[in-house]
Amino acid sequence: MKKLFLMLFLCHFTSAVKHTLRYAVTTFSREQDFMFVGIAVVDGIVAVNCDSIKQKVEPKQDWMRKLIEDDPQHLEWHTHECYYPNFFKTTIHDLKQRFNQSGGVHILQTNIGCEWDDKTGEVTGFNQFGYDGEDLISFDLKTLTWVAPKSQAYHIKMRWDADKTMIQSTEDYLMKTFPEWLKKYVAYMNSSLLRTEPSVFLLQKTPSSPVSCHATGFFPDRAMMFWRKDGEEIHEDVEPGEILPNHDGTFQMSVDLDLSSVTREDWWRYDCVFHLSGVKDNIVTRLDEAVIRTNRERPSNMTVLIVAAMVALALFLVAAFGFMAYKKKKAKGPPSPPDNGPEVSEKLNPAN
């Protein structure tokens with residue numbers, strides 16, 4: 001079973017990876033108002049964004065900033081493409097007439113980019129438009145024509161099909177320019193993320209919850225993590241989690257260990273092992289209550305001082321109120337004997 005797991009693990013490491021570059025622009029139109037938001041996404045990570053409010057193209061990742069420093073013209077292209085609103089304004093105005101729309105909010109979305117298989121070298125491109133949440137028109141690379149599923153977009157198809165310069169430019173971007181950029185992005189991203197240091201720590205929500213060994217900030221996603229007892233890998237009472245992406249392109253994963261049947265005296269026999277592909281040394285974290293991060297806050301010295309001060313203040317107030325009550329009672333003098341009327345008279349003057 002263990003050999004099978006290792007074979008699957010190695011096969012995962014040698015499998016091809018498909019990378020994706022996607023430019024997404026969302027345009028909003030309401031009456032005379034017009035605004036847009038654009039992003040460039042590489043392998044699911046936002047690398048660049050721009051909008052009509054800030055009026056600025058912003059790199060969102062360190063590796064993209066480095067690329068722009070090395071190639072300033074790259075930023076110029078993004079700036080030019082980002083602030084070319086006339087095309088979107090004209091298209092939305094045309095569509096509102098075709099759909100017989102006089103008011104309201106309308107949205108035009110653009111999704112253009114490519115996918116590249118780093119093992120086979122295969123490249124596929126895509127260029128799609130949507131209007132008010134529905135498919136509007138898309139480019140077919142096989143026929144080099146536009147496909148319009150809605151009749152209202154048929155006139156756009158005819159006009160764009162007739163523009164041979166636009167057809168050639170679209171094909172070049174999808175099959176040449178974008179793939180070249182994607183390969184450059186992946187190289188810069190890998191170079192940057194490979195230098196990141198992963199962090200491994202232990203988490204526990206409550207004293208009865210499993211202890212989670214959590215690793216984050218590692219790259220690439222070819223990693224494995226497991227629990228050991230006395231130096232031997234264990235699978236019983238262990239629940240592995242999936243490898244998930246972080247916002248910066250690195251990854252995270254967790255493996256839970258159920259300790260309900262383990263005494264505290266035996267915790268020292270357990271440790272968590274994190275292995276990253278291409279790295280010789282593993283990260284080993286021994287199970288120790290002192291290093292477990294938890295939602296249960298441990299009182300700090302300041303907290304103890306505050307609590308002690310509050311207790312002292314409460315005792316002082318109780319004593320003060322007690323003293324004031326005593327002084328008030330003493331000021332009134334000794335209590336008068338109760339007036340029991342005829343009963344007292346009879347006791348003092350018994351009848352003959």
# chains A, B, ... in the order shown; residues from 1 in each chain; ligands from 1

call {"tool": "closest_atom_pairs", "arguments": {"of": "segment 156-266 of chain A", "to": "segment 62-65 of chain A", "cutoff": "8 Å", "atoms": "only C-alpha atoms", "output": "JSON lines"}}
result
{"residue": "A:Tyr185", "atom": "CA", "partner": "A:Met64", "partner_atom": "CA", "distance": 7.5}
{"residue": "A:Tyr188", "atom": "CA", "partner": "A:Trp63", "partner_atom": "CA", "distance": 5.7}
{"residue": "A:Met189", "atom": "CA", "partner": "A:Trp63", "partner_atom": "CA", "distance": 5.5}
{"residue": "A:Ser192", "atom": "CA", "partner": "A:Trp63", "partner_atom": "CA", "distance": 6.0}

call {"tool": "write_last_selection", "arguments": {"atoms": "C-alpha atoms", "output": "compact mmCIF listing (two decimals), in the first residue's frame"}}
result
# COMPACT_ATOMS: atom_id res chain seq x y z
CA TYR A 185 5.03 34.97 -16.47
CA TYR A 188 9.16 34.85 -13.26
CA MET A 189 6.51 33.45 -10.94
CA SER A 192 10.04 34.16 -7.17

call {"tool": "select_by_dssp", "arguments": {"residues": "segment 180-297 of chain A", "states": "helix (DSSP H, G or I)", "output": "list in words"}}
result
Glu180, Trp181, Leu182, Lys183, Lys184, Tyr185, Val186, Ala187, Tyr188, Met189, Asn190, Ser191, Ser192, Leu193, Arg264, Glu265, Asp266, Trp267, Trp268, Arg269, Glu289, Ala290 and Val291 of chain A

call {"tool": "write_last_selection", "arguments": {"atoms": "N, CA, C and O atoms", "output": "PDB file, in the first residue's frame"}}
result
ATOM      1  N   GLU A 180       3.613  33.469 -25.465  1.00  0.00           N
ATOM      2  CA  GLU A 180       4.958  33.932 -25.124  1.00  0.00           C
ATOM      3  C   GLU A 180       4.950  34.652 -23.784  1.00  0.00           C
ATOM      4  O   GLU A 180       5.843  34.458 -22.947  1.00  0.00           O
ATOM      5  N   TRP A 181       3.946  35.482 -23.554  1.00  0.00           N
ATOM      6  CA  TRP A 181       3.839  36.185 -22.275  1.00  0.00           C
ATOM      7  C   TRP A 181       3.603  35.203 -21.137  1.00  0.00           C
ATOM      8  O   TRP A 181       4.184  35.333 -20.058  1.00  0.00           O
ATOM      9  N   LEU A 182       2.741  34.225 -21.375  1.00  0.00           N
ATOM     10  CA  LEU A 182       2.423  33.250 -20.330  1.00  0.00           C
ATOM     11  C   LEU A 182       3.679  32.497 -19.896  1.00  0.00           C
ATOM     12  O   LEU A 182       3.902  32.289 -18.694  1.00  0.00           O
ATOM     13  N   LYS A 183       4.499  32.085 -20.863  1.00  0.00           N
ATOM     14  CA  LYS A 183       5.738  31.379 -20.518  1.00  0.00           C
ATOM     15  C   LYS A 183       6.667  32.277 -19.697  1.00  0.00           C
ATOM     16  O   LYS A 183       7.312  31.826 -18.748  1.00  0.00           O
ATOM     17  N   LYS A 184       6.709  33.558 -20.058  1.00  0.00           N
ATOM     18  CA  LYS A 184       7.543  34.498 -19.308  1.00  0.00           C
ATOM     19  C   LYS A 184       6.982  34.691 -17.897  1.00  0.00           C
ATOM     20  O   LYS A 184       7.733  34.730 -16.912  1.00  0.00           O
ATOM     21  N   TYR A 185       5.658  34.810 -17.787  1.00  0.00           N
ATOM     22  CA  TYR A 185       5.028  34.973 -16.472  1.00  0.00           C
ATOM     23  C   TYR A 185       5.322  33.772 -15.570  1.00  0.00           C
ATOM     24  O   TYR A 185       5.660  33.932 -14.393  1.00  0.00           O
ATOM     25  N   VAL A 186       5.179  32.587 -16.137  1.00  0.00           N
ATOM     26  CA  VAL A 186       5.407  31.371 -15.351  1.00  0.00           C
ATOM     27  C   VAL A 186       6.858  31.306 -14.876  1.00  0.00           C
ATOM     28  O   VAL A 186       7.139  30.930 -13.735  1.00  0.00           O
ATOM     29  N   ALA A 187       7.792  31.701 -15.749  1.00  0.00           N
ATOM     30  CA  ALA A 187       9.208  31.676 -15.376  1.00  0.00           C
ATOM     31  C   ALA A 187       9.481  32.645 -14.232  1.00  0.00           C
ATOM     32  O   ALA A 187      10.171  32.309 -13.260  1.00  0.00           O
ATOM     33  N   TYR A 188       8.956  33.861 -14.325  1.00  0.00           N
ATOM     34  CA  TYR A 188       9.157  34.852 -13.263  1.00  0.00           C
ATOM     35  C   TYR A 188       8.467  34.408 -11.978  1.00  0.00           C
ATOM     36  O   TYR A 188       9.021  34.563 -10.877  1.00  0.00           O
ATOM     37  N   MET A 189       7.256  33.878 -12.108  1.00  0.00           N
ATOM     38  CA  MET A 189       6.509  33.447 -10.939  1.00  0.00           C
ATOM     39  C   MET A 189       7.220  32.302 -10.234  1.00  0.00           C
ATOM     40  O   MET A 189       7.362  32.309  -9.008  1.00  0.00           O
ATOM     41  N   ASN A 190       7.655  31.314 -10.997  1.00  0.00           N
ATOM     42  CA  ASN A 190       8.365  30.177 -10.396  1.00  0.00           C
ATOM     43  C   ASN A 190       9.658  30.617  -9.724  1.00  0.00           C
ATOM     44  O   ASN A 190       9.990  30.159  -8.623  1.00  0.00           O
ATOM     45  N   SER A 191      10.397  31.511 -10.391  1.00  0.00           N
ATOM     46  CA  SER A 191      11.657  31.987  -9.829  1.00  0.00           C
ATOM     47  C   SER A 191      11.435  32.689  -8.499  1.00  0.00           C
ATOM     48  O   SER A 191      12.226  32.551  -7.557  1.00  0.00           O
ATOM     49  N   SER A 192      10.338  33.432  -8.408  1.00  0.00           N
ATOM     50  CA  SER A 192      10.039  34.162  -7.171  1.00  0.00           C
ATOM     51  C   SER A 192       9.513  33.241  -6.081  1.00  0.00           C
ATOM     52  O   SER A 192       9.969  33.281  -4.936  1.00  0.00           O
ATOM     53  N   LEU A 193       8.563  32.376  -6.432  1.00  0.00           N
ATOM     54  CA  LEU A 193       7.910  31.551  -5.426  1.00  0.00           C
ATOM     55  C   LEU A 193       8.802  30.428  -4.915  1.00  0.00           C
ATOM     56  O   LEU A 193       8.635  29.969  -3.786  1.00  0.00           O
ATOM     57  N   ARG A 264      -1.730  12.352  27.412  1.00  0.00           N
ATOM     58  CA  ARG A 264      -0.806  13.470  27.281  1.00  0.00           C
ATOM     59  C   ARG A 264       0.646  13.015  27.463  1.00  0.00           C
ATOM     60  O   ARG A 264       1.552  13.598  26.872  1.00  0.00           O
ATOM     61  N   GLU A 265       0.845  11.991  28.268  1.00  0.00           N
ATOM     62  CA  GLU A 265       2.199  11.498  28.504  1.00  0.00           C
ATOM     63  C   GLU A 265       2.828  10.918  27.240  1.00  0.00           C
ATOM     64  O   GLU A 265       4.062  10.825  27.132  1.00  0.00           O
ATOM     65  N   ASP A 266       1.985  10.510  26.263  1.00  0.00           N
ATOM     66  CA  ASP A 266       2.497   9.894  25.031  1.00  0.00           C
ATOM     67  C   ASP A 266       2.585  10.872  23.866  1.00  0.00           C
ATOM     68  O   ASP A 266       2.958  10.474  22.744  1.00  0.00           O
ATOM     69  N   TRP A 267       2.238  12.123  24.060  1.00  0.00           N
ATOM     70  CA  TRP A 267       2.262  13.080  22.955  1.00  0.00           C
ATOM     71  C   TRP A 267       3.658  13.203  22.346  1.00  0.00           C
ATOM     72  O   TRP A 267       3.803  13.421  21.146  1.00  0.00           O
ATOM     73  N   TRP A 268       4.697  13.094  23.157  1.00  0.00           N
ATOM     74  CA  TRP A 268       6.057  13.292  22.671  1.00  0.00           C
ATOM     75  C   TRP A 268       6.463  12.258  21.636  1.00  0.00           C
ATOM     76  O   TRP A 268       7.437  12.454  20.901  1.00  0.00           O
ATOM     77  N   ARG A 269       5.694  11.170  21.541  1.00  0.00           N
ATOM     78  CA  ARG A 269       6.016  10.107  20.589  1.00  0.00           C
ATOM     79  C   ARG A 269       5.562  10.439  19.160  1.00  0.00           C
ATOM     80  O   ARG A 269       5.889   9.728  18.215  1.00  0.00           O
ATOM     81  N   GLU A 289       2.292  20.498  23.427  1.00  0.00           N
ATOM     82  CA  GLU A 289       1.192  21.390  23.798  1.00  0.00           C
ATOM     83  C   GLU A 289       1.645  22.846  23.852  1.00  0.00           C
ATOM     84  O   GLU A 289       0.869  23.763  23.569  1.00  0.00           O
ATOM     85  N   ALA A 290       2.894  23.070  24.175  1.00  0.00           N
ATOM     86  CA  ALA A 290       3.391  24.433  24.331  1.00  0.00           C
ATOM     87  C   ALA A 290       3.455  25.195  23.011  1.00  0.00           C
ATOM     88  O   ALA A 290       3.443  26.429  23.002  1.00  0.00           O
ATOM     89  N   VAL A 291       3.540  24.495  21.878  1.00  0.00           N
ATOM     90  CA  VAL A 291       3.684  25.171  20.584  1.00  0.00           C
ATOM     91  C   VAL A 291       2.392  25.150  19.779  1.00  0.00           C
ATOM     92  O   VAL A 291       2.358  25.667  18.661  1.00  0.00           O
TER      93      VAL A 291
END

call {"tool": "residues_around", "arguments": {"residues": "Trp116 of chain A", "least_positions_apart": "2", "cutoff": "9 Å", "atoms": "only C-alpha atoms", "output": "PyMOL selection string"}}
result
chain A and resi 17-21+114+118-125+179+182-183

call {"tool": "write_last_selection", "arguments": {"atoms": "C-alpha atoms", "output": "mmCIF file, in the first residue's frame"}}
result
data_model
loop_
_atom_site.group_PDB
_atom_site.id
_atom_site.type_symbol
_atom_site.label_atom_id
_atom_site.label_comp_id
_atom_site.auth_asym_id
_atom_site.auth_seq_id
_atom_site.Cartn_x
_atom_site.Cartn_y
_atom_site.Cartn_z
ATOM 1 C CA VAL A 17 1.029 21.151 -15.897
ATOM 2 C CA LYS A 18 -1.324 23.323 -17.891
ATOM 3 C CA HIS A 19 -0.835 27.052 -17.379
ATOM 4 C CA THR A 20 -3.417 29.692 -18.139
ATOM 5 C CA LEU A 21 -3.316 33.399 -18.919
ATOM 6 C CA CYS A 114 -4.653 31.144 -23.720
ATOM 7 C CA ASP A 118 4.374 22.846 -20.465
ATOM 8 C CA LYS A 119 5.053 19.203 -21.367
ATOM 9 C CA THR A 120 3.541 18.828 -24.821
ATOM 10 C CA GLY A 121 3.860 22.496 -25.776
ATOM 11 C CA GLU A 122 0.222 22.498 -26.937
ATOM 12 C CA VAL A 123 -1.410 25.934 -26.972
ATOM 13 C CA THR A 124 -5.099 26.797 -27.148
ATOM 14 C CA GLY A 125 -6.611 30.276 -27.189
ATOM 15 C CA PRO A 179 1.568 32.143 -25.052
ATOM 16 C CA LEU A 182 2.423 33.250 -20.330
ATOM 17 C CA LYS A 183 5.738 31.379 -20.518
#

call {"tool": "residues_around", "arguments": {"residues": "Gly113 of chain A", "least_positions_apart": "5", "cutoff": "10 Å", "atoms": "only C-alpha atoms", "output": "PyMOL selection string"}}
result
chain A and resi 20-24+40-42+124-128+173-175+177-179+182

call {"tool": "residues_around", "arguments": {"residues": "Thr110 of chain A", "least_positions_apart": "3", "cutoff": "12 Å", "atoms": "only C-alpha atoms", "output": "PyMOL selection string"}}
result
chain A and resi 22-28+36-40+87-88+91+107+113+126-139

call {"tool": "atom_distance", "arguments": {"atom1": "atom CA of Pro207 of chain A", "atom2": "atom CA of Ala223 of chain A"}}
result
28.8 Å

call {"tool": "select_by_dssp", "arguments": {"residues": "segment 136-308 of chain A", "states": "strand (DSSP E or B)", "output": "JSON, numbers by chain"}}
result
{"A": [136, 137, 138, 139, 140, 145, 146, 147, 199, 200, 201, 202, 203, 204, 211, 212, 213, 214, 215, 216, 217, 218, 223, 224, 225, 226, 227, 228, 229, 232, 233, 238, 239, 240, 244, 245, 251, 252, 253, 254, 255, 256, 257, 270, 271, 272, 273, 274, 275, 276, 283, 284, 285, 286, 293, 294]}

call {"tool": "closest_residue", "arguments": {"among": "A:Asp248, A:Glu171, A:Pro149, A:Thr294", "to": "Thr206 of chain A", "atoms": "only C-alpha atoms"}}
result
A:Thr294

call {"tool": "atom_distance", "arguments": {"atom1": "atom CA of Gly217 of chain A", "atom2": "atom CA of Ile45 of chain A"}}
result
14.3 Å

call {"tool": "closest_residue", "arguments": {"among": "A:Asn282, A:Lys205, A:Asp230, A:Val200", "to": "Met253 of chain A", "atoms": "only C-alpha atoms"}}
result
A:Val200

call {"tool": "atom_distance", "arguments": {"atom1": "atom CA of Leu257 of chain A", "atom2": "atom CA of Thr196 of chain A"}}
result
26.8 Å

call {"tool": "residues_around", "arguments": {"residues": "segment 220-222 of chain A", "least_positions_apart": "4", "cutoff": "8 Å", "atoms": "only C-alpha atoms", "output": "list in words"}}
result
His12, Phe13, Asn190, Leu193, Leu194, Ile243, Thr250, Phe251, Leu276 and Ser277 of chain A
